[in-house]
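Note sheet for the following structure.
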Amino acid sequence: MTNTATLIIDGQSYEYPILVGSEGECGIDIRELRNQTGCITLDPGYGNTGSCTSAITFIDGDQGILRYRGIPIEQFDNGPNFIEVAWLLIFGRLPSQVEYRSFANDLNAHANLDEGMKHHFEGFPRTAPPMAILSAMINALSCFHPEDQDCEDDETFRMAAARLISKIRTIAAYAYRHSQGLPYIYPDHKLRYVPNFLHMLFSQPYNHFECDEVMRDALNLLLILHADHEQNCSTSTVRMVGSSQANLFASCAAGVCALWGPLHGGANVEVLHMLDDIHKNNVKPEEYVQRAKSGQARLMGFGHRVYKNFDPRAKMLGAAAERLLTSLGRQDPLLDIARKLEEIALQDPYFIERKLYPNVDFYSGIILRALGIPTNMFTVIFAIGRLPGWIAHWREQQQLMANKIARPRQIYTGNVKTDYTPMANRNSTGA
């Protein structure tokens, strides 16, 4: 491979360097394109545009590969917990025992919300979308913890990261309790990250919720598998907002808003609705697949913008769903339907030729449903999981971008120069 690419415009040749990543990915560096040629590239959806270099997550969609800091995602099954993976993503390496215990202690120390923040929940109607509350309250942390807005030194950043990772689960739990008219449950410093979150969600003043090992492991794995996924919509949003030197809380609040969309964080809700409709209407999976092929229905949870192979996260969550339901002594008909849909689709040339495989959303909703988490909280759980990735990318950008603000270009397609027409001279259409 040559180390430059040649672009010819109106007979004039221009050369641009080719950058090669550690896994062989290549990109043409066009930073001087507009200065040299007066042209820009046009790439709606940024499917062929690299906005940055990053050392956090590697994806090979054709091979179905996902790695965090070089570690294959499969190695996180039945292994480390969410906080260990969060440290890995944010700081670039696995923590030592001392670092892990110190970080875990920081999470315990910062789990409570300022009592003044609790009054903000009362201002939201009971029917308020939990994602709206989550974004607003993360932004409000900037008001209650102004000392964390300047994260230029490592220690301040570490404390801000710990504060945010800890408090997001408390905010999420309080949003749920508020919607149900239930009293807020304070964090329990004796519990680890996932059991503490479920405790704040489901405990009553007179009845402490007990999280068994299989429940803990299922939610722990789900959070890990959502922790980062390279330059997706919400992560790119965090980086763009952060490029203006907006603080960590404001940038991550923007990430929550981007994740809220049904094409991003809300996809597993659509999968569960599809499975529920199939079950309630007694539709055979074979019939539903035929409807999907003819365009009469949509097979949710299949296909991915990046993966053209089996999403490795889907395999892991499918197995986790089986383990969880077995442990709970339940048989969820939606899991049976999902398994049958997967079996049919993976043998059908229509899906094979189009490289439509189950993605991470296909089984995650079944796990959350089994844990008793309502569908309007599904995307909130996604946000809790994705937060370490957002923090890692925000930090990486602060260190690498040299304060260069993100500012995409456009191709203008509107009116050419047009004169202003006084009101008295305009016709009925305003022209």
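Chain labels run A, B, ... following the order of the structure tokens; each chain numbers its residues from 1, and ligands are numbered from 1 in the order shown.
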Give me the residues of range 40-150 of chain A that have any atom at most 10 Å from an atom of range 21-26 of chain A; for each, the nearest atom pair and the distance in Å, rounded to one decimal. Use only C-alpha atoms, sort by chain and number, and format it as a Markdown table.
```
| residue | atom | partner | partner_atom | distance |
| --- | --- | --- | --- | --- |
| A:Gly50 | CA | A:Cys26 | CA | 10.0 |
| A:Thr53 | CA | A:Gly21 | CA | 8.4 |
| A:Ser54 | CA | A:Gly21 | CA | 9.3 |
| A:Ala55 | CA | A:Ser22 | CA | 9.1 |
| A:Phe58 | CA | A:Glu23 | CA | 8.1 |
| A:Ile59 | CA | A:Glu23 | CA | 9.6 |
| A:Asp60 | CA | A:Glu23 | CA | 9.2 |
| A:Gly70 | CA | A:Glu23 | CA | 9.9 |
```
message: Need to verify the contact set: Pro187 in chain A, 12 Å, only C-alpha atoms, exclusion of same-chain residues closer than 5 positions in sequence. Can you return it as an MDAnalysis selection string?
response: chainID A and resid 107:113 166:171 173:174 192:203 208
At a cut-off of 12 Å, can you tabulate as CSV every residue of range 73-175 of chain A near range 210-218 of chain A together with its closest atom pair and the distance in Å to one decimal, using only C-alpha atoms and ordering rows by chain then number?
```
residue,atom,partner,partner_atom,distance
A:Phe76,CA,A:Asp217,CA,11.0
A:Asp77,CA,A:Asp217,CA,9.1
A:Asn78,CA,A:Asp217,CA,7.5
A:Gly79,CA,A:Asp217,CA,9.4
A:Pro80,CA,A:Asp217,CA,9.9
A:Asn81,CA,A:Asp217,CA,8.2
A:Phe82,CA,A:Asp217,CA,9.7
```
Now that the selection is made, can you save its residues with C-alpha atoms as a PDB file, in the first residue's frame?
```
ATOM      1  CA  PHE A  76     -15.394 -10.330  29.848  1.00  0.00           C
ATOM      2  CA  ASP A  77     -17.964 -13.139  30.136  1.00  0.00           C
ATOM      3  CA  ASN A  78     -17.961 -14.585  33.681  1.00  0.00           C
ATOM      4  CA  GLY A  79     -14.906 -12.506  34.438  1.00  0.00           C
ATOM      5  CA  PRO A  80     -14.341  -8.921  35.562  1.00  0.00           C
ATOM      6  CA  ASN A  81     -17.086  -6.680  36.868  1.00  0.00           C
ATOM      7  CA  PHE A  82     -18.377  -3.465  35.364  1.00  0.00           C
TER       8      PHE A  82
END
```
All residues 10 Å or closer to Met377 in chain A, only C-alpha atoms, same chain fewer than 6 positions away omitted, as a list in words: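 Returned residues: Pro129, Pro130, Met131, Ala172, Ala173, Ala175, Tyr176, Gly266, Val269, Leu368 and Ala383 of chain A.
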query: So which residues touch Ala250 in chain A within 12 Å, counting only C-alpha atoms, skipping near sequence neighbours fewer than 3 positions away, as an MDAnalysis selection string?
result: chainID A and resid 134:143 146 148:149 164 237:247 253:257 390:391 394
Atoms to include: C-alpha atoms. Write the selected residues as a short mmCIF file (atom, residue, chain, number, x, y, z; two decimals), in the first residue's frame.
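Below is the file result12.cif, written as the result:
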```
data_model
loop_
_atom_site.label_atom_id
_atom_site.label_comp_id
_atom_site.auth_asym_id
_atom_site.auth_seq_id
_atom_site.Cartn_x
_atom_site.Cartn_y
_atom_site.Cartn_z
CA LEU A 134 -31.47 11.60 33.56
CA SER A 135 -30.07 14.18 31.16
CA ALA A 136 -31.36 17.12 33.21
CA MET A 137 -29.99 15.78 36.49
CA ILE A 138 -26.57 14.92 35.07
CA ASN A 139 -26.37 18.48 33.81
CA ALA A 140 -27.44 19.71 37.25
CA LEU A 141 -24.42 17.99 38.78
CA SER A 142 -22.36 20.85 37.35
CA CYS A 143 -24.22 23.19 39.71
CA PRO A 146 -18.46 23.06 40.43
CA ASP A 148 -15.27 19.03 39.07
CA GLN A 149 -15.81 21.29 36.07
CA LEU A 164 -20.48 10.60 37.70
CA THR A 237 -22.03 13.69 20.44
CA VAL A 238 -20.05 13.63 23.69
CA ARG A 239 -16.85 14.26 21.77
CA MET A 240 -18.36 17.08 19.72
CA VAL A 241 -19.82 18.84 22.76
CA GLY A 242 -16.58 18.27 24.66
CA SER A 243 -14.58 19.81 21.83
CA SER A 244 -16.02 23.20 22.88
CA GLN A 245 -14.40 22.53 26.29
CA ALA A 246 -17.80 21.90 27.83
CA ASN A 247 -17.36 20.11 31.16
CA ALA A 253 -25.78 14.87 29.46
CA ALA A 254 -25.69 15.56 25.71
CA GLY A 255 -24.74 11.92 25.17
CA VAL A 256 -27.88 10.88 27.06
CA CYS A 257 -30.01 12.98 24.72
CA TRP A 390 -18.32 8.47 27.08
CA ILE A 391 -15.96 9.49 29.87
CA TRP A 394 -14.17 12.83 26.50
#
```
